[in-house]
>>> print(open('target-v3.txt').read())   # compact mmCIF, C-alpha atoms
# COMPACT_ATOMS: atom_id res chain seq x y z
CA MET A 1 97.06 63.47 80.76
CA ALA A 2 96.15 64.10 77.12
CA GLN A 3 92.91 65.65 78.32
CA ARG A 4 94.74 68.00 80.72
CA LEU A 5 96.80 69.47 77.91
CA ARG A 6 93.83 70.39 75.75
CA PHE A 7 93.03 73.47 77.82
CA LYS A 8 90.89 75.18 75.19
CA ASP A 9 89.51 72.30 73.12
CA PRO A 10 85.96 73.40 72.16
CA ILE A 11 84.78 69.86 71.48
CA LEU A 12 85.89 68.75 74.92
CA ALA A 13 84.36 71.93 76.41
CA LYS A 14 81.00 71.12 74.84
CA ARG A 15 81.23 67.59 76.14
CA VAL A 16 81.97 68.83 79.68
CA ALA A 17 79.14 71.38 79.42
CA SER A 18 76.66 68.69 78.41
CA GLU A 19 77.78 66.56 81.37
CA ILE A 20 77.22 69.56 83.67
CA ARG A 21 73.75 70.00 82.12
CA ARG A 22 72.97 66.34 82.70
CA LEU A 23 74.03 66.55 86.35
CA SER A 24 71.99 69.74 86.88
CA GLU A 25 68.72 68.21 85.77
CA GLY A 26 66.11 67.99 88.50
CA LYS A 27 68.17 70.13 90.85
CA GLY A 28 67.15 73.56 92.11
CA THR A 29 69.46 76.54 91.74
CA VAL A 30 73.11 75.58 92.21
CA LYS A 31 75.28 78.50 93.35
CA ILE A 32 79.01 78.06 92.81
CA CYS A 33 81.35 80.77 94.04
CA HIS A 34 84.93 81.46 92.98
CA VAL A 35 87.24 83.88 94.80
CA CYS A 36 89.76 84.87 92.18
CA GLY A 37 89.81 87.75 89.69
CA THR A 38 91.61 85.61 87.13
CA HIS A 39 88.86 82.97 87.32
CA GLU A 40 86.29 85.69 86.63
CA TRP A 41 88.39 86.86 83.70
CA THR A 42 88.52 83.32 82.24
CA ILE A 43 84.77 82.83 82.76
CA ASN A 44 83.94 86.11 81.01
CA HIS A 45 86.55 86.05 78.29
CA TYR A 46 85.55 82.58 77.12
CA GLY A 47 81.83 83.07 77.73
CA LEU A 48 81.65 80.08 80.04
CA ARG A 49 78.43 81.19 81.75
CA SER A 50 76.64 80.85 78.41
CA LEU A 51 77.58 77.14 78.36
CA LEU A 52 75.99 76.46 81.73
CA PRO A 53 72.37 75.48 82.33
CA LYS A 54 70.10 78.20 83.75
CA ASN A 55 70.02 76.72 87.23
CA VAL A 56 73.84 76.69 87.62
CA GLU A 57 75.08 80.11 88.68
CA VAL A 58 78.76 81.04 88.99
CA ILE A 59 79.27 83.91 91.40
CA ALA A 60 82.37 86.09 91.66
CA GLY A 61 83.37 86.39 95.34
CA PRO A 62 85.94 88.75 96.89
CA GLY A 63 88.81 87.55 94.69
CA CYS A 64 90.34 90.84 93.68
CA PRO A 65 93.06 91.74 96.21
CA VAL A 66 93.05 95.38 95.11
CA CYS A 67 89.27 95.82 95.34
CA ILE A 68 89.10 94.79 98.98
CA VAL A 69 91.79 97.15 100.30
CA PRO A 70 89.80 99.45 102.60
CA ALA A 71 89.82 103.21 101.94
CA SER A 72 91.53 103.79 105.30
CA GLU A 73 94.66 101.96 104.07
CA ILE A 74 94.73 104.01 100.85
CA ASP A 75 94.27 107.13 103.00
CA GLU A 76 97.34 106.18 105.04
CA ALA A 77 99.44 105.76 101.89
CA VAL A 78 98.15 109.10 100.53
CA GLN A 79 99.01 110.75 103.85
CA LEU A 80 102.59 109.45 103.63
CA ALA A 81 102.91 110.47 99.99
CA SER A 82 101.77 113.99 100.79
CA LYS A 83 104.41 114.16 103.55
CA GLY A 84 107.14 113.60 100.98
CA VAL A 85 107.68 109.86 101.48
CA ILE A 86 108.09 107.91 98.23
CA VAL A 87 105.14 105.49 98.01
CA THR A 88 105.63 102.41 95.83
CA CYS A 89 102.82 100.04 94.87
CA PHE A 90 101.49 97.71 92.18
CA GLY A 91 99.92 99.55 89.23
CA ASP A 92 96.36 98.41 89.93
CA LEU A 93 96.37 100.27 93.24
CA LEU A 94 96.99 103.73 91.82
CA ARG A 95 93.38 104.53 91.02
CA VAL A 96 91.74 102.70 93.95
CA PRO A 97 89.69 105.38 95.68
CA GLY A 98 90.63 106.49 99.18
CA SER A 99 88.10 108.41 101.25
CA THR A 100 88.70 111.54 99.19
CA THR A 101 91.74 110.92 96.97
CA SER A 102 93.52 108.07 95.27
CA LEU A 103 97.29 107.62 95.02
CA LEU A 104 97.00 108.76 91.40
CA ASP A 105 95.35 112.02 92.54
CA ALA A 106 98.19 112.48 95.04
CA LYS A 107 100.73 111.86 92.27
CA ALA A 108 99.00 114.42 90.06
CA GLU A 109 99.35 116.92 92.89
CA GLY A 110 103.09 116.32 92.98
CA ALA A 111 103.53 113.43 95.44
CA ASP A 112 106.18 110.85 94.60
CA VAL A 113 104.12 107.71 93.91
CA ARG A 114 105.81 105.00 91.86
CA VAL A 115 104.50 101.82 90.29
CA VAL A 116 106.61 98.69 90.71
CA TYR A 117 106.28 95.22 89.20
CA SER A 118 107.69 93.52 92.27
CA VAL A 119 108.50 94.30 95.90
CA SER A 120 112.14 93.64 94.96
CA ASP A 121 111.99 96.65 92.60
CA ALA A 122 110.88 98.79 95.55
CA VAL A 123 113.85 97.53 97.60
CA LYS A 124 116.21 98.35 94.73
CA MET A 125 114.68 101.84 94.53
CA SER A 126 115.20 102.41 98.26
CA PHE A 127 118.94 101.78 97.79
CA GLU A 128 119.03 104.24 94.89
CA GLU A 129 117.08 106.85 96.86
CA ALA A 130 119.17 106.54 100.03
CA ALA A 131 118.56 110.17 101.01
CA LYS A 132 114.78 109.76 100.91
CA GLU A 133 112.29 107.58 102.73
CA LEU A 134 110.33 104.96 100.84
CA VAL A 135 107.28 102.86 101.65
CA PHE A 136 105.95 99.79 99.86
CA LEU A 137 102.18 99.34 100.03
CA ALA A 138 102.06 95.55 100.29
CA VAL A 139 98.69 94.25 99.09
CA GLY A 140 97.72 90.83 97.81
CA PHE A 141 96.59 87.43 98.96
CA GLU A 142 98.76 84.41 99.80
CA THR A 143 100.22 84.39 96.26
CA THR A 144 101.88 87.75 96.86
CA SER A 145 102.61 87.90 100.60
CA PRO A 146 105.59 85.45 100.55
CA SER A 147 107.55 87.89 98.35
CA THR A 148 107.04 90.69 100.91
CA ALA A 149 108.19 88.28 103.64
CA VAL A 150 111.37 87.40 101.73
CA GLU A 151 112.36 91.06 101.34
CA ILE A 152 111.70 91.80 105.01
CA LEU A 153 113.77 88.76 106.05
CA ASN A 154 116.59 90.06 103.85
CA LYS A 155 116.59 93.27 105.90
CA PRO A 156 115.85 96.12 103.48
CA PRO A 157 117.72 99.43 103.94
CA GLU A 158 116.75 101.64 106.86
CA ASN A 159 114.96 104.21 104.72
CA MET A 160 112.40 101.59 103.65
CA SER A 161 109.26 100.46 105.46
CA PHE A 162 106.05 98.60 104.63
CA LEU A 163 102.35 99.26 104.84
CA VAL A 164 101.31 95.62 105.13
CA SER A 165 97.83 95.12 103.72
CA HIS A 166 98.02 91.41 102.88
CA ARG A 167 94.83 89.40 103.36
CA LEU A 168 94.07 85.67 103.62
CA ILE A 169 91.48 84.01 101.39
CA PRO A 170 90.13 81.05 103.44
CA PRO A 171 88.70 83.29 106.25
CA ALA A 172 86.81 85.30 103.60
CA MET A 173 85.43 82.08 102.12
CA GLU A 174 84.27 81.05 105.58
CA MET A 175 82.54 84.41 106.00
CA LEU A 176 80.68 83.84 102.71
CA VAL A 177 79.51 80.42 103.86
CA GLU A 178 78.22 81.84 107.11
CA MET A 179 76.55 84.84 105.47
CA THR A 180 72.82 84.54 105.93
CA GLY A 181 70.67 84.31 102.84
CA PHE A 182 73.61 83.52 100.57
CA SER A 183 73.23 79.71 100.50
CA LEU A 184 76.21 78.60 98.45
CA ASN A 185 76.54 75.09 97.06
CA GLY A 186 80.26 74.93 96.31
CA PHE A 187 83.57 76.73 95.89
CA ILE A 188 86.02 76.96 93.02
CA ALA A 189 89.17 77.59 95.08
CA PRO A 190 91.89 79.92 93.74
CA GLY A 191 94.71 78.04 92.00
CA HIS A 192 97.63 80.35 92.59
CA VAL A 193 96.82 81.07 96.23
CA SER A 194 96.72 77.28 96.61
CA THR A 195 100.22 76.80 95.16
CA ILE A 196 101.34 78.46 98.41
CA ILE A 197 98.84 77.28 101.02
CA GLY A 198 98.10 73.80 99.61
CA LEU A 199 94.83 72.00 100.25
CA LYS A 200 94.68 71.81 104.05
CA PRO A 201 93.13 75.26 104.72
CA TYR A 202 90.09 74.22 102.64
CA GLU A 203 89.42 70.98 104.57
CA ILE A 204 87.10 72.83 106.91
CA PHE A 205 84.56 73.45 104.11
CA PRO A 206 83.49 69.88 103.29
CA ARG A 207 84.02 68.80 106.91
CA LYS A 208 82.30 71.56 108.87
CA TYR A 209 79.93 73.04 106.28
CA ALA A 210 79.31 70.06 103.92
CA MET A 211 80.53 72.40 101.16
CA PRO A 212 82.26 70.94 98.08
CA VAL A 213 85.57 72.57 97.08
CA VAL A 214 87.61 72.14 93.88
CA VAL A 215 90.97 73.91 93.47
CA ALA A 216 91.04 75.07 89.84
CA GLY A 217 93.49 76.26 87.22
CA PHE A 218 92.87 79.18 84.89
CA GLU A 219 92.31 77.82 81.41
CA PRO A 220 88.68 77.66 80.27
CA LEU A 221 88.65 73.87 80.50
CA ASP A 222 90.21 73.99 83.98
CA VAL A 223 87.24 76.04 85.14
CA LEU A 224 84.59 74.01 83.27
CA ILE A 225 86.00 70.71 84.50
CA SER A 226 86.06 72.09 88.06
CA ILE A 227 82.38 72.99 87.80
CA TYR A 228 81.74 69.46 86.53
CA MET A 229 83.67 68.03 89.51
CA LEU A 230 81.59 70.14 91.92
CA MET A 231 78.35 69.04 90.23
CA LYS A 232 79.44 65.42 90.55
CA GLN A 233 80.08 65.87 94.28
CA LEU A 234 76.66 67.49 94.69
CA ASP A 235 75.01 64.75 92.65
CA ARG A 236 76.51 62.05 94.85
CA ASN A 237 75.79 64.15 97.92
CA LYS A 238 79.39 63.63 99.04
CA PRO A 239 81.01 67.03 99.71
CA ASP A 240 84.73 66.71 99.27
CA LEU A 241 87.95 68.65 98.60
CA GLU A 242 89.46 67.97 95.16
CA ASN A 243 92.40 69.39 93.23
CA GLU A 244 91.93 70.03 89.51
CA TYR A 245 95.11 72.16 89.19
CA THR A 246 97.59 69.35 89.78
CA LEU A 247 100.01 71.00 87.35
CA ALA A 248 100.91 73.57 90.00
CA VAL A 249 99.19 72.76 93.29
CA GLN A 250 100.78 70.24 95.64
CA PRO A 251 98.64 69.04 98.55
CA GLU A 252 101.14 70.54 101.01
CA GLY A 253 101.48 73.79 99.01
CA ASN A 254 104.86 75.49 99.16
CA PRO A 255 106.30 74.69 102.63
CA LYS A 256 109.30 76.98 102.13
CA ALA A 257 107.02 79.96 101.42
CA GLN A 258 104.78 79.04 104.38
CA LYS A 259 107.79 78.93 106.71
CA ILE A 260 109.05 82.34 105.58
CA MET A 261 105.55 83.82 105.99
CA ASP A 262 105.24 82.32 109.50
CA GLU A 263 108.58 83.82 110.43
CA VAL A 264 107.65 87.35 109.38
CA PHE A 265 103.88 87.68 109.77
CA GLU A 266 101.28 87.10 112.41
CA ILE A 267 97.57 86.82 111.76
CA ALA A 268 95.20 89.58 112.86
CA ASP A 269 91.60 90.57 112.27
CA GLY A 270 91.25 92.74 109.20
CA LYS A 271 88.81 95.03 107.46
CA TRP A 272 87.90 94.28 103.84
CA ARG A 273 86.35 96.96 101.66
CA GLY A 274 82.68 96.18 101.33
CA LEU A 275 82.81 93.19 103.66
CA GLY A 276 83.66 94.71 107.02
CA ASN A 277 85.82 93.03 109.60
CA ILE A 278 86.81 89.39 108.98
CA PRO A 279 88.41 87.57 111.91
CA SER A 280 91.97 86.24 111.39
CA SER A 281 92.12 87.45 107.79
CA LYS A 282 94.98 89.96 107.75
CA LEU A 283 98.74 89.67 108.02
CA SER A 284 100.74 92.04 110.14
CA LEU A 285 104.44 92.13 111.01
CA LYS A 286 105.66 90.15 114.01
CA ARG A 287 107.19 92.11 116.87
CA LYS A 288 110.80 91.45 115.80
CA TYR A 289 110.13 92.98 112.36
CA LYS A 290 108.07 95.95 113.60
CA THR A 291 110.95 98.25 112.78
CA PHE A 292 109.82 97.95 109.14
CA ASP A 293 106.19 98.75 109.97
CA ALA A 294 105.27 102.10 108.43
CA HIS A 295 102.38 102.42 110.90
CA LEU A 296 104.80 102.64 113.81
CA ARG A 297 107.48 104.57 111.98
CA TYR A 298 105.12 107.37 110.96
CA GLY A 299 102.48 107.08 113.69
CA LEU A 300 99.70 106.16 111.27
CA GLY A 301 96.38 105.02 112.63
CA ILE A 302 93.50 105.84 110.31
CA GLU A 303 90.74 103.53 111.51
CA ASP A 304 87.83 104.38 109.27
CA GLY A 305 87.56 105.58 105.72
CA LEU A 306 84.82 106.08 103.20
CA ASP A 307 84.75 102.66 101.51
CA LEU A 308 81.69 103.24 99.36
CA LYS A 309 80.85 106.40 97.48
CA PRO A 310 77.12 107.26 97.31
CA GLY A 311 75.31 104.80 95.04
CA CYS A 312 78.29 102.44 94.76
CA CYS A 313 77.35 98.77 95.18
CA CYS A 314 80.85 97.26 95.32
CA HIS A 315 80.02 95.63 98.66
CA LEU A 316 77.16 93.71 97.01
CA VAL A 317 79.27 92.84 93.95
CA VAL A 318 82.24 91.43 95.89
CA THR A 319 79.93 89.18 97.88
CA GLY A 320 78.13 88.06 94.73
CA ARG A 321 74.77 89.37 95.93
CA ILE A 322 74.27 91.38 92.76
CA LYS A 323 75.75 91.25 89.27
CA PRO A 324 77.69 94.34 88.15
CA THR A 325 74.92 95.08 85.63
CA GLU A 326 72.46 95.42 88.52
CA CYS A 327 74.40 98.34 90.04
CA PRO A 328 72.75 101.65 89.06
CA LEU A 329 76.16 103.24 88.41
CA PHE A 330 77.51 100.45 86.15
CA LEU A 331 78.71 101.92 82.85
CA LYS A 332 76.77 105.09 83.59
CA ASP A 333 78.58 107.08 86.27
CA CYS A 334 81.14 104.31 86.89
CA THR A 335 83.33 103.25 83.96
CA PRO A 336 86.84 101.80 83.59
CA GLN A 337 87.98 105.28 82.47
CA LYS A 338 86.34 107.00 85.43
CA PRO A 339 85.72 104.42 88.15
CA VAL A 340 83.64 105.24 91.22
CA GLY A 341 84.12 101.95 93.06
CA ALA A 342 87.19 99.76 93.57
CA CYS A 343 85.65 96.86 91.56
CA MET A 344 85.79 99.02 88.42
CA VAL A 345 89.41 100.07 89.00
CA SER A 346 91.38 96.87 88.90
CA THR A 347 91.83 94.59 85.90
CA GLU A 348 90.75 91.84 88.29
CA GLY A 349 87.71 93.69 89.61
CA THR A 350 84.42 92.03 88.65
CA CYS A 351 82.92 95.28 87.35
CA GLN A 352 85.90 96.10 85.15
CA ILE A 353 85.96 92.57 83.76
CA TRP A 354 82.24 92.77 82.95
CA ALA A 355 82.67 96.27 81.50
CA THR A 356 85.54 95.32 79.19
CA ALA A 357 84.74 91.70 78.29
CA GLY A 358 80.96 91.93 78.57
CA SER A 359 78.86 89.63 80.73
CA SER A 360 78.63 86.08 79.50
CA MET B 361 99.35 93.48 86.53
CA LYS B 362 96.89 90.77 87.40
CA MET B 363 97.46 90.02 91.04
CA CYS B 364 96.12 86.46 91.07
CA LEU B 365 98.04 85.57 87.98
CA ALA B 366 101.24 83.56 87.77
CA ILE B 367 103.04 82.77 84.52
CA PRO B 368 105.11 79.66 83.72
CA ALA B 369 108.75 80.16 82.77
CA LYS B 370 111.94 78.13 82.34
CA ILE B 371 115.05 78.70 84.47
CA VAL B 372 117.96 79.66 82.21
CA SER B 373 120.62 80.49 84.81
CA ILE B 374 120.83 80.95 88.58
CA LYS B 375 123.05 83.24 90.62
CA GLU B 376 122.39 82.95 94.36
CA SER B 377 118.73 83.88 94.88
CA ILE B 378 118.21 85.41 91.44
CA ALA B 379 117.47 83.38 88.34
CA CYS B 380 117.12 84.44 84.74
CA VAL B 381 113.91 82.87 83.41
CA ASP B 382 112.56 82.48 79.89
CA PHE B 383 108.83 83.10 79.47
CA GLY B 384 108.94 81.55 76.00
CA GLU B 385 110.27 82.74 72.67
CA GLY B 386 113.19 84.53 74.29
CA VAL B 387 111.35 86.88 76.65
CA THR B 388 113.60 86.76 79.71
CA ARG B 389 113.59 88.39 83.12
CA ASP B 390 115.41 88.06 86.43
CA VAL B 391 113.24 86.62 89.18
CA ASN B 392 113.80 85.78 92.81
CA VAL B 393 113.92 82.03 93.54
CA THR B 394 114.19 82.11 97.35
CA LEU B 395 110.76 80.46 97.69
CA VAL B 396 111.58 77.38 95.59
CA ASP B 397 114.31 74.75 95.20
CA VAL B 398 115.23 74.81 91.53
CA LYS B 399 117.96 74.04 89.05
CA VAL B 400 118.61 75.23 85.49
CA GLY B 401 116.03 73.75 83.12
CA ASP B 402 113.23 73.58 85.70
CA TYR B 403 109.90 75.25 85.01
CA VAL B 404 108.43 77.59 87.61
CA LEU B 405 105.32 79.75 88.10
CA VAL B 406 106.32 83.41 88.35
CA HIS B 407 104.25 85.95 90.25
CA ALA B 408 105.33 89.58 90.78
CA GLY B 409 109.00 88.82 90.23
CA TYR B 410 109.10 85.71 92.40
CA ALA B 411 109.04 82.04 91.46
CA ILE B 412 106.30 80.65 93.69
CA GLN B 413 106.13 76.98 92.65
CA VAL B 414 107.96 74.40 90.52
CA LEU B 415 106.01 72.84 87.64
CA ASP B 416 106.09 69.47 85.96
CA LYS B 417 108.34 69.92 82.91
CA THR B 418 106.22 68.32 80.21
CA GLU B 419 103.04 70.05 81.33
CA ALA B 420 104.80 73.43 81.58
CA ARG B 421 106.04 73.21 77.99
CA GLU B 422 102.47 72.76 76.84
CA THR B 423 101.31 75.71 78.97
CA ILE B 424 104.01 77.95 77.48
CA LYS B 425 102.89 76.99 73.97
CA LEU B 426 99.33 77.87 74.89
CA TRP B 427 100.37 81.20 76.38
CA ASN B 428 102.17 82.05 73.16
CA GLN B 429 98.99 81.29 71.27
CA VAL B 430 97.08 83.67 73.54
CA PHE B 431 99.65 86.42 72.95
CA GLU B 432 99.50 85.83 69.19
CA THR B 433 95.72 86.07 69.17
CA GLU B 434 95.82 89.24 71.26
CA THR B 435 98.41 90.82 68.96
CA GLN B 436 96.35 89.90 65.91
CA ASN B 437 93.23 91.36 67.49
CA SER B 438 94.97 94.60 68.41
CA LYS B 439 96.26 94.93 64.84
CA LYS B 440 92.76 94.63 63.41
>>> encode(input="target-v3.txt", output="structure tokens")
Amino acid sequence: MAQRLRFKDPILAKRVASEIRRLSEGKGTVKICHVCGTHEWTINHYGLRSLLPKNVEVIAGPGCPVCIVPASEIDEAVQLASKGVIVTCFGDLLRVPGSTTSLLDAKAEGADVRVVYSVSDAVKMSFEEAAKELVFLAVGFETTSPSTAVEILNKPPENMSFLVSHRLIPPAMEMLVEMTGFSLNGFIAPGHVSTIIGLKPYEIFPRKYAMPVVVAGFEPLDVLISIYMLMKQLDRNKPDLENEYTLAVQPEGNPKAQKIMDEVFEIADGKWRGLGNIPSSKLSLKRKYKTFDAHLRYGLGIEDGLDLKPGCCCHLVVTGRIKPTECPLFLKDCTPQKPVGACMVSTEGTCQIWATAGSS
Amino acid sequence: MKMCLAIPAKIVSIKESIACVDFGEGVTRDVNVTLVDVKVGDYVLVHAGYAIQVLDKTEARETIKLWNQVFETETQNSKK
């Protein structure tokens, strides 16, 4: 208990780091992957990679919900905005490139694009703008999708509809495990996604793939201790599923949120920017809620968009195959001020984190 | 906004599905509590205007203290 509360204790951090070093001795390269932008932020901000031995690599997987929204879905929102529909979205999405324009470009050209903090703000806005039509571009992983489900269950006003772009994390993790030539040794699972989904969806990894998983919190010691827990599992050769973030993650997750999501959404195959199609990884509205589906309401159906601009390596960055610094555009043509790829746009994108905090 | 991030806060008052929460040192905001079963005094994790999980009280108080420290450090840095 006392140890859990000392989230940033440098003495304890050094002790954990030396334990990780001890466990890494005599082992080949150990590749640990996390799938959360906030984990990458913690790792960079506190320089955690510099504490790890050379043969322990921590890779940033597709953990930025904004970075993986395909260009086609941005294109659809831009199309609606240019038709005079009010488009509401989270701030990070504004500059995410579509095939030719972003929502920010559309706004600059006079479209009504508004940033909201919460889907509930978009609902409030749709009441205030009763004479106009309004769409909420619903992106995010399991942490965010329950809030969209709540608002849809509450029956928003008729002038409001949703472009549902929510994605599920465990199917993307499974894709990473099955990716040839990637050879991962363990996962740091995302803490806040897990507050909703619990531990069960990760059981498949130790069971089917002999892949250790530790659900981790977001303080520097949470992450370091999780790496230590993974190293211990590897050392004992007993792949398991453990929960480091007991402060917030219950084994069953949040059953109330799961029930509401099940009521509103069904699971479909979905495209991820840079990753292609991932089976059973996208949420879409169930038939009885289709009346709120902006796709049907406005006859949208953009299938393909330009996900990667020439030279952009976002697809290699989100799958951890290269570091941001290995992309030829990084901090040359692609900067946080003028991003080329989606990973440089969002505050949770690996490239932006490396550009602003430096690589550790 | 960081989309994977959730911030601990204390429930100050509840009216139907909306609760006023305190993020520490008097920063308050209304959040939706449909997804959790809570009472006044409970600590919750807030993400994009929604409480997504209830936290253990003693551990949450420590987390709030730590968050305040982070904010203080960031303010000091930006002043430099």
>>> residues_around(input="target-v3.txt", residues="A:Ser194", least_positions_apart="4", cutoff="9 Å", atoms="all atoms listed in the file", output="short mmCIF file (atom, residue, chain, number, x, y, z; two decimals) with C-alpha atoms, in the coordinates of the input")
data_model
loop_
_atom_site.label_atom_id
_atom_site.label_comp_id
_atom_site.auth_asym_id
_atom_site.auth_seq_id
_atom_site.Cartn_x
_atom_site.Cartn_y
_atom_site.Cartn_z
CA GLU A 142 98.76 84.41 99.80
CA THR A 143 100.22 84.39 96.26
CA ALA A 189 89.17 77.59 95.08
CA PRO A 190 91.89 79.92 93.74
CA GLY A 198 98.10 73.80 99.61
CA LEU A 199 94.83 72.00 100.25
CA VAL A 215 90.97 73.91 93.47
CA ALA A 248 100.91 73.57 90.00
CA VAL A 249 99.19 72.76 93.29
CA GLN A 250 100.78 70.24 95.64
CA PRO A 251 98.64 69.04 98.55
CA GLY A 253 101.48 73.79 99.01
CA ASN A 254 104.86 75.49 99.16
#
>>> interface_residues(input="target-v3.txt", of="chain B", to="chain A", cutoff="6 Å", atoms="only C-alpha atoms", output="list in words")
Leu395, Ala408, Gly409 and Leu415 of chain B
>>> atom_distance(input="target-v3.txt", atom1="atom CA of A:Ala138", atom2="atom CA of A:Glu174")
23.6 Å
>>> atom_distance(input="target-v3.txt", atom1="atom CA of A:Thr100", atom2="atom CA of A:Ile322")
25.6 Å
>>> residues_around(input="target-v3.txt", residues="stretch 157-160 of chain A", least_positions_apart="3", cutoff="6 Å", atoms="all atoms listed in the file", output="ChimeraX atom specification")
/A:133-135
>>> atom_distance(input="target-v3.txt", atom1="atom CA of A:Ser50", atom2="atom CA of A:Lys31")
15.2 Å
>>> closest_residue(input="target-v3.txt", among="A:Thr325, A:Arg95, A:Pro220, A:Lys208", to="A:Asn44", atoms="all atoms listed in the file")
A:Pro220
>>> residues_around(input="target-v3.txt", residues="B:Leu405", least_positions_apart="6", cutoff="8 Å", atoms="all atoms listed in the file", output="NGL selection string")
(:A and (248)) or (:B and (366-369 or 411-415))
>>> write_last_selection(input="target-v3.txt", atoms="C-alpha atoms", output="PDB file, in the coordinates of the input")
ATOM      1  CA  ALA A 248     100.910  73.570  90.000  1.00  0.00           C
TER       2      ALA A 248
ATOM      3  CA  ALA B 366     101.240  83.560  87.770  1.00  0.00           C
ATOM      4  CA  ILE B 367     103.040  82.770  84.520  1.00  0.00           C
ATOM      5  CA  PRO B 368     105.110  79.660  83.720  1.00  0.00           C
ATOM      6  CA  ALA B 369     108.750  80.160  82.770  1.00  0.00           C
ATOM      7  CA  ALA B 411     109.040  82.040  91.460  1.00  0.00           C
ATOM      8  CA  ILE B 412     106.300  80.650  93.690  1.00  0.00           C
ATOM      9  CA  GLN B 413     106.130  76.980  92.650  1.00  0.00           C
ATOM     10  CA  VAL B 414     107.960  74.400  90.520  1.00  0.00           C
ATOM     11  CA  LEU B 415     106.010  72.840  87.640  1.00  0.00           C
TER      12      LEU B 415
END
>>> residues_around(input="target-v3.txt", residues="A:Val223", least_positions_apart="5", cutoff="10 Å", atoms="all atoms listed in the file", output="number ranges by chain")
A: 7, 34, 39-40, 42-43, 48, 188, 214-218, 228-229, 244-245
